[in-house]
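Source file: my_file_39.txt; contents: compact mmCIF, N, CA and C atoms.
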```txt
# COMPACT_ATOMS: atom_id res chain seq x y z
N MET A 1 -17.30 3.15 -9.94
CA MET A 1 -17.50 2.51 -8.66
C MET A 1 -18.87 2.86 -8.09
N ARG A 2 -19.31 4.11 -8.27
CA ARG A 2 -20.60 4.52 -7.71
C ARG A 2 -21.75 3.74 -8.32
N THR A 3 -21.66 3.46 -9.62
CA THR A 3 -22.77 2.74 -10.25
C THR A 3 -22.88 1.32 -9.72
N GLU A 4 -21.73 0.68 -9.44
CA GLU A 4 -21.78 -0.66 -8.88
C GLU A 4 -22.44 -0.65 -7.51
N ILE A 5 -22.09 0.34 -6.70
CA ILE A 5 -22.67 0.43 -5.36
C ILE A 5 -24.15 0.81 -5.45
N ALA A 6 -24.49 1.72 -6.34
CA ALA A 6 -25.88 2.16 -6.47
C ALA A 6 -26.79 1.03 -6.91
N SER A 7 -26.25 0.06 -7.63
CA SER A 7 -27.09 -1.04 -8.12
C SER A 7 -27.25 -2.17 -7.10
N LEU A 8 -26.54 -2.11 -5.98
CA LEU A 8 -26.68 -3.16 -4.96
C LEU A 8 -28.04 -3.09 -4.29
N LYS A 9 -28.53 -4.26 -3.92
CA LYS A 9 -29.76 -4.36 -3.14
C LYS A 9 -29.38 -4.70 -1.71
N PRO A 10 -30.23 -4.36 -0.72
CA PRO A 10 -29.90 -4.65 0.67
C PRO A 10 -29.51 -6.13 0.87
N GLY A 11 -28.38 -6.33 1.57
CA GLY A 11 -27.87 -7.67 1.82
C GLY A 11 -26.85 -8.14 0.79
N GLU A 12 -26.75 -7.48 -0.35
CA GLU A 12 -25.81 -7.88 -1.39
C GLU A 12 -24.41 -7.37 -1.10
N ILE A 13 -23.42 -8.11 -1.62
CA ILE A 13 -22.02 -7.75 -1.48
C ILE A 13 -21.46 -7.51 -2.88
N SER A 14 -20.69 -6.45 -3.02
CA SER A 14 -20.14 -6.10 -4.33
C SER A 14 -18.95 -6.99 -4.66
N LYS A 15 -18.59 -6.98 -5.92
CA LYS A 15 -17.31 -7.58 -6.31
C LYS A 15 -16.22 -6.62 -5.85
N PRO A 16 -14.96 -7.04 -5.81
CA PRO A 16 -13.89 -6.12 -5.40
C PRO A 16 -13.86 -4.88 -6.31
N LEU A 17 -13.78 -3.72 -5.67
CA LEU A 17 -13.78 -2.44 -6.38
C LEU A 17 -12.48 -1.70 -6.08
N ARG A 18 -11.89 -1.13 -7.11
CA ARG A 18 -10.66 -0.35 -6.91
C ARG A 18 -11.04 1.11 -6.67
N SER A 19 -10.46 1.69 -5.64
CA SER A 19 -10.70 3.09 -5.32
C SER A 19 -9.35 3.77 -5.09
N PRO A 20 -9.35 5.09 -4.88
CA PRO A 20 -8.09 5.77 -4.58
C PRO A 20 -7.45 5.25 -3.29
N PHE A 21 -8.22 4.56 -2.45
CA PHE A 21 -7.72 4.05 -1.17
C PHE A 21 -7.34 2.58 -1.24
N GLY A 22 -7.40 1.98 -2.42
CA GLY A 22 -7.07 0.56 -2.58
C GLY A 22 -8.30 -0.22 -2.99
N TRP A 23 -8.24 -1.53 -2.80
CA TRP A 23 -9.35 -2.41 -3.15
C TRP A 23 -10.35 -2.46 -2.00
N GLN A 24 -11.64 -2.44 -2.35
CA GLN A 24 -12.69 -2.47 -1.33
C GLN A 24 -13.79 -3.42 -1.76
N ILE A 25 -14.44 -4.00 -0.77
CA ILE A 25 -15.65 -4.80 -0.99
C ILE A 25 -16.73 -4.14 -0.15
N VAL A 26 -17.87 -3.89 -0.76
CA VAL A 26 -18.95 -3.17 -0.10
C VAL A 26 -20.13 -4.09 0.12
N LYS A 27 -20.69 -4.04 1.33
CA LYS A 27 -21.94 -4.76 1.62
C LYS A 27 -22.98 -3.70 1.98
N LEU A 28 -24.11 -3.75 1.28
CA LEU A 28 -25.19 -2.81 1.55
C LEU A 28 -26.12 -3.42 2.59
N ASN A 29 -26.18 -2.80 3.75
CA ASN A 29 -27.05 -3.32 4.81
C ASN A 29 -28.49 -2.88 4.63
N GLU A 30 -28.69 -1.61 4.33
CA GLU A 30 -30.05 -1.11 4.12
C GLU A 30 -30.01 0.19 3.35
N ARG A 31 -31.13 0.55 2.79
CA ARG A 31 -31.29 1.85 2.13
C ARG A 31 -32.32 2.63 2.92
N LYS A 32 -32.03 3.90 3.09
CA LYS A 32 -32.97 4.77 3.78
C LYS A 32 -33.44 5.82 2.79
N ALA A 33 -34.68 6.18 2.91
CA ALA A 33 -35.23 7.21 2.04
C ALA A 33 -34.59 8.55 2.37
N GLU A 34 -34.40 9.35 1.33
CA GLU A 34 -33.88 10.69 1.56
C GLU A 34 -34.91 11.49 2.31
N GLY A 35 -34.45 12.43 3.07
CA GLY A 35 -35.38 13.26 3.79
C GLY A 35 -34.66 14.36 4.55
N VAL A 36 -35.42 15.26 5.07
CA VAL A 36 -34.89 16.36 5.85
C VAL A 36 -35.13 16.02 7.32
N ARG A 37 -34.09 16.16 8.11
CA ARG A 37 -34.23 15.89 9.54
C ARG A 37 -34.54 17.19 10.25
N SER A 38 -35.29 17.08 11.32
CA SER A 38 -35.68 18.29 12.06
C SER A 38 -34.49 18.82 12.86
N MET A 39 -34.57 20.08 13.24
CA MET A 39 -33.52 20.70 14.03
C MET A 39 -33.34 19.95 15.35
N GLY A 40 -34.41 19.47 15.91
CA GLY A 40 -34.33 18.72 17.16
C GLY A 40 -33.48 17.46 17.03
N GLU A 41 -33.51 16.83 15.85
CA GLU A 41 -32.75 15.61 15.62
C GLU A 41 -31.25 15.89 15.45
N VAL A 42 -30.92 17.04 14.90
CA VAL A 42 -29.52 17.32 14.57
C VAL A 42 -28.88 18.38 15.47
N ARG A 43 -29.65 18.97 16.35
CA ARG A 43 -29.14 20.07 17.18
C ARG A 43 -27.90 19.67 17.96
N ASP A 44 -27.93 18.55 18.67
CA ASP A 44 -26.79 18.14 19.49
C ASP A 44 -25.53 17.92 18.65
N ALA A 45 -25.68 17.33 17.48
CA ALA A 45 -24.53 17.10 16.60
C ALA A 45 -23.96 18.43 16.10
N ILE A 46 -24.82 19.38 15.78
CA ILE A 46 -24.37 20.69 15.31
C ILE A 46 -23.64 21.43 16.44
N VAL A 47 -24.21 21.41 17.63
CA VAL A 47 -23.58 22.08 18.78
C VAL A 47 -22.21 21.48 19.05
N LYS A 48 -22.10 20.15 19.03
CA LYS A 48 -20.82 19.49 19.27
C LYS A 48 -19.80 19.87 18.19
N ALA A 49 -20.21 19.86 16.93
CA ALA A 49 -19.29 20.21 15.85
C ALA A 49 -18.80 21.65 15.98
N LEU A 50 -19.69 22.56 16.34
CA LEU A 50 -19.30 23.97 16.51
C LEU A 50 -18.37 24.14 17.70
N ARG A 51 -18.66 23.44 18.80
CA ARG A 51 -17.78 23.51 19.98
C ARG A 51 -16.40 22.96 19.67
N ASP A 52 -16.36 21.80 18.99
CA ASP A 52 -15.08 21.20 18.63
C ASP A 52 -14.26 22.12 17.73
N ALA A 53 -14.93 22.76 16.78
CA ALA A 53 -14.23 23.68 15.88
C ALA A 53 -13.69 24.88 16.66
N ARG A 54 -14.48 25.40 17.60
CA ARG A 54 -14.03 26.54 18.41
C ARG A 54 -12.86 26.14 19.30
N ILE A 55 -12.91 24.95 19.89
CA ILE A 55 -11.81 24.48 20.73
C ILE A 55 -10.53 24.37 19.91
N LYS A 56 -10.64 23.81 18.73
CA LYS A 56 -9.46 23.66 17.87
C LYS A 56 -8.91 25.03 17.49
N GLU A 57 -9.79 25.94 17.13
CA GLU A 57 -9.37 27.29 16.76
C GLU A 57 -8.68 28.00 17.92
N ASN A 58 -9.28 27.92 19.11
CA ASN A 58 -8.69 28.56 20.29
C ASN A 58 -7.35 27.94 20.66
N THR A 59 -7.25 26.62 20.56
CA THR A 59 -5.99 25.95 20.88
C THR A 59 -4.89 26.39 19.92
N THR A 60 -5.21 26.43 18.64
CA THR A 60 -4.23 26.86 17.63
C THR A 60 -3.79 28.30 17.90
N ARG A 61 -4.74 29.16 18.16
CA ARG A 61 -4.43 30.57 18.43
C ARG A 61 -3.56 30.70 19.68
N TYR A 62 -3.88 29.94 20.73
CA TYR A 62 -3.10 29.99 21.97
C TYR A 62 -1.67 29.52 21.74
N LEU A 63 -1.51 28.40 21.04
CA LEU A 63 -0.16 27.88 20.79
C LEU A 63 0.66 28.84 19.93
N GLU A 64 0.02 29.46 18.96
CA GLU A 64 0.72 30.46 18.13
C GLU A 64 1.16 31.65 18.99
N SER A 65 0.33 32.07 19.93
CA SER A 65 0.70 33.21 20.78
C SER A 65 1.88 32.85 21.68
N ILE A 66 1.93 31.62 22.15
CA ILE A 66 3.07 31.18 22.97
C ILE A 66 4.35 31.19 22.14
N LYS A 67 4.27 30.67 20.92
CA LYS A 67 5.46 30.65 20.05
C LYS A 67 5.94 32.06 19.75
N THR A 68 5.02 32.99 19.58
CA THR A 68 5.40 34.37 19.28
C THR A 68 5.99 35.06 20.51
N ARG A 69 5.36 34.84 21.65
CA ARG A 69 5.78 35.50 22.89
C ARG A 69 7.08 34.90 23.43
N ASP A 70 7.20 33.58 23.41
CA ASP A 70 8.38 32.88 23.96
C ASP A 70 8.93 31.94 22.90
N PRO A 71 9.71 32.44 21.95
CA PRO A 71 10.24 31.58 20.91
C PRO A 71 11.17 30.50 21.48
N VAL A 72 11.18 29.37 20.85
CA VAL A 72 12.00 28.25 21.29
C VAL A 72 13.45 28.53 20.92
N THR A 73 14.35 28.31 21.88
CA THR A 73 15.77 28.42 21.61
C THR A 73 16.44 27.14 22.07
N LEU A 74 17.51 26.76 21.41
CA LEU A 74 18.24 25.56 21.75
C LEU A 74 19.53 25.93 22.46
N ASP A 75 19.80 25.23 23.52
CA ASP A 75 21.03 25.43 24.28
C ASP A 75 21.95 24.26 23.92
N ASP A 76 22.90 24.51 23.02
CA ASP A 76 23.77 23.44 22.54
C ASP A 76 24.52 22.75 23.67
N LYS A 77 24.98 23.51 24.65
CA LYS A 77 25.70 22.91 25.76
C LYS A 77 24.77 22.03 26.59
N GLY A 78 23.56 22.52 26.85
CA GLY A 78 22.59 21.73 27.60
C GLY A 78 22.23 20.43 26.90
N ILE A 79 22.07 20.50 25.58
CA ILE A 79 21.76 19.30 24.80
C ILE A 79 22.94 18.33 24.86
N ALA A 80 24.14 18.85 24.76
CA ALA A 80 25.33 17.99 24.83
C ALA A 80 25.40 17.30 26.18
N ASP A 81 25.10 18.03 27.26
CA ASP A 81 25.12 17.43 28.60
C ASP A 81 24.08 16.32 28.73
N ILE A 82 22.93 16.52 28.17
CA ILE A 82 21.86 15.52 28.25
C ILE A 82 22.24 14.26 27.46
N THR A 83 22.80 14.44 26.29
CA THR A 83 23.11 13.30 25.43
C THR A 83 24.33 12.52 25.91
N LYS A 84 25.15 13.09 26.79
CA LYS A 84 26.31 12.36 27.33
C LYS A 84 25.86 11.20 28.20
N ASN A 85 24.78 11.39 28.93
CA ASN A 85 24.33 10.37 29.90
C ASN A 85 23.69 9.29 29.13
```
This structure in structure tokens:
Amino acid sequence: MRTEIASLKPGEISKPLRSPFGWQIVKLNERKAEGVRSMGEVRDAIVKALRDARIKENTTRYLESIKTRDPVTLDDKGIADITKN
């Protein structure tokens, strides 16, 4: 599949290609030269990714501490009362 995509020229559309995700048709809009981007160009994206990762980590840690401190228990009578209505 990669060779078919690599051989496309800008504006061309591929024939249907089978991938692990099903059938796909690819249109190449443009090719950009490889290069290194400056820290100024990527700084905001890096900061956002690090913040998002920290938020996810802190949320997971907090939820785990709640489960450990106050384990969930089921009140069979309370559930029965709720389901009667």
If you run DSSP on the backbone here, which positions in chain A get helix (DSSP H, G or I)? Please write them as a PyMOL selection string. chain A and resi 2-6+39-69+76-84
Expressed in Å, the length from CA of Arg54 in chain A to CA of Arg37 in chain A is 24.5 Å
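If you measure from each of A:Thr68, A:Thr73, A:Thr59, A:Asn29 to Pro10 in chain A using all atoms listed in the file, the closest one turns out to be A:Asn29.
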Quick one: what's the axis-aligned box for range 49-62 of chain A, all listed atoms, 5 Å on every side, centre and edges in Å to one decimal, as AutoDock Vina command-line options?
```
--center_x -10.9 --center_y 25.3 --center_z 18.9 --size_x 28.5 --size_y 20.8 --size_z 16.1
```
Ile13 in chain A environment, 8 Å, only N, CA and C atoms, sequence neighbours closer than 6 positions dropped, as an NGL selection string: :A and (25-28)
A straight line from CA of Glu30 in chain A to CA of Gly11 in chain A spans 7.3 Å
Give the strand (DSSP E) residues of chain A, as assigned by DSSP on the backbone, as JSON, numbers by chain. {"A": [17, 18, 19, 22, 23, 24]}
Okay, now the selection with N, CA and C atoms, as a PDB file, in the frame of the given file?
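Contents of again08.pdb, freshly written:
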```pdb
ATOM      1  N   LEU A  17     -13.780  -3.720  -5.670  1.00  0.00           N
ATOM      2  CA  LEU A  17     -13.780  -2.440  -6.380  1.00  0.00           C
ATOM      3  C   LEU A  17     -12.480  -1.700  -6.080  1.00  0.00           C
ATOM      4  N   ARG A  18     -11.890  -1.130  -7.110  1.00  0.00           N
ATOM      5  CA  ARG A  18     -10.660  -0.350  -6.910  1.00  0.00           C
ATOM      6  C   ARG A  18     -11.040   1.110  -6.670  1.00  0.00           C
ATOM      7  N   SER A  19     -10.460   1.690  -5.640  1.00  0.00           N
ATOM      8  CA  SER A  19     -10.700   3.090  -5.320  1.00  0.00           C
ATOM      9  C   SER A  19      -9.350   3.770  -5.090  1.00  0.00           C
ATOM     10  N   GLY A  22      -7.400   1.980  -2.420  1.00  0.00           N
ATOM     11  CA  GLY A  22      -7.070   0.560  -2.580  1.00  0.00           C
ATOM     12  C   GLY A  22      -8.300  -0.220  -2.990  1.00  0.00           C
ATOM     13  N   TRP A  23      -8.240  -1.530  -2.800  1.00  0.00           N
ATOM     14  CA  TRP A  23      -9.350  -2.410  -3.150  1.00  0.00           C
ATOM     15  C   TRP A  23     -10.350  -2.460  -2.000  1.00  0.00           C
ATOM     16  N   GLN A  24     -11.640  -2.440  -2.350  1.00  0.00           N
ATOM     17  CA  GLN A  24     -12.690  -2.470  -1.330  1.00  0.00           C
ATOM     18  C   GLN A  24     -13.790  -3.420  -1.760  1.00  0.00           C
TER      19      GLN A  24
END
```
Atom pair atom N of Leu8 in chain A + CA of Glu34 in chain A, distance 16.6 Å
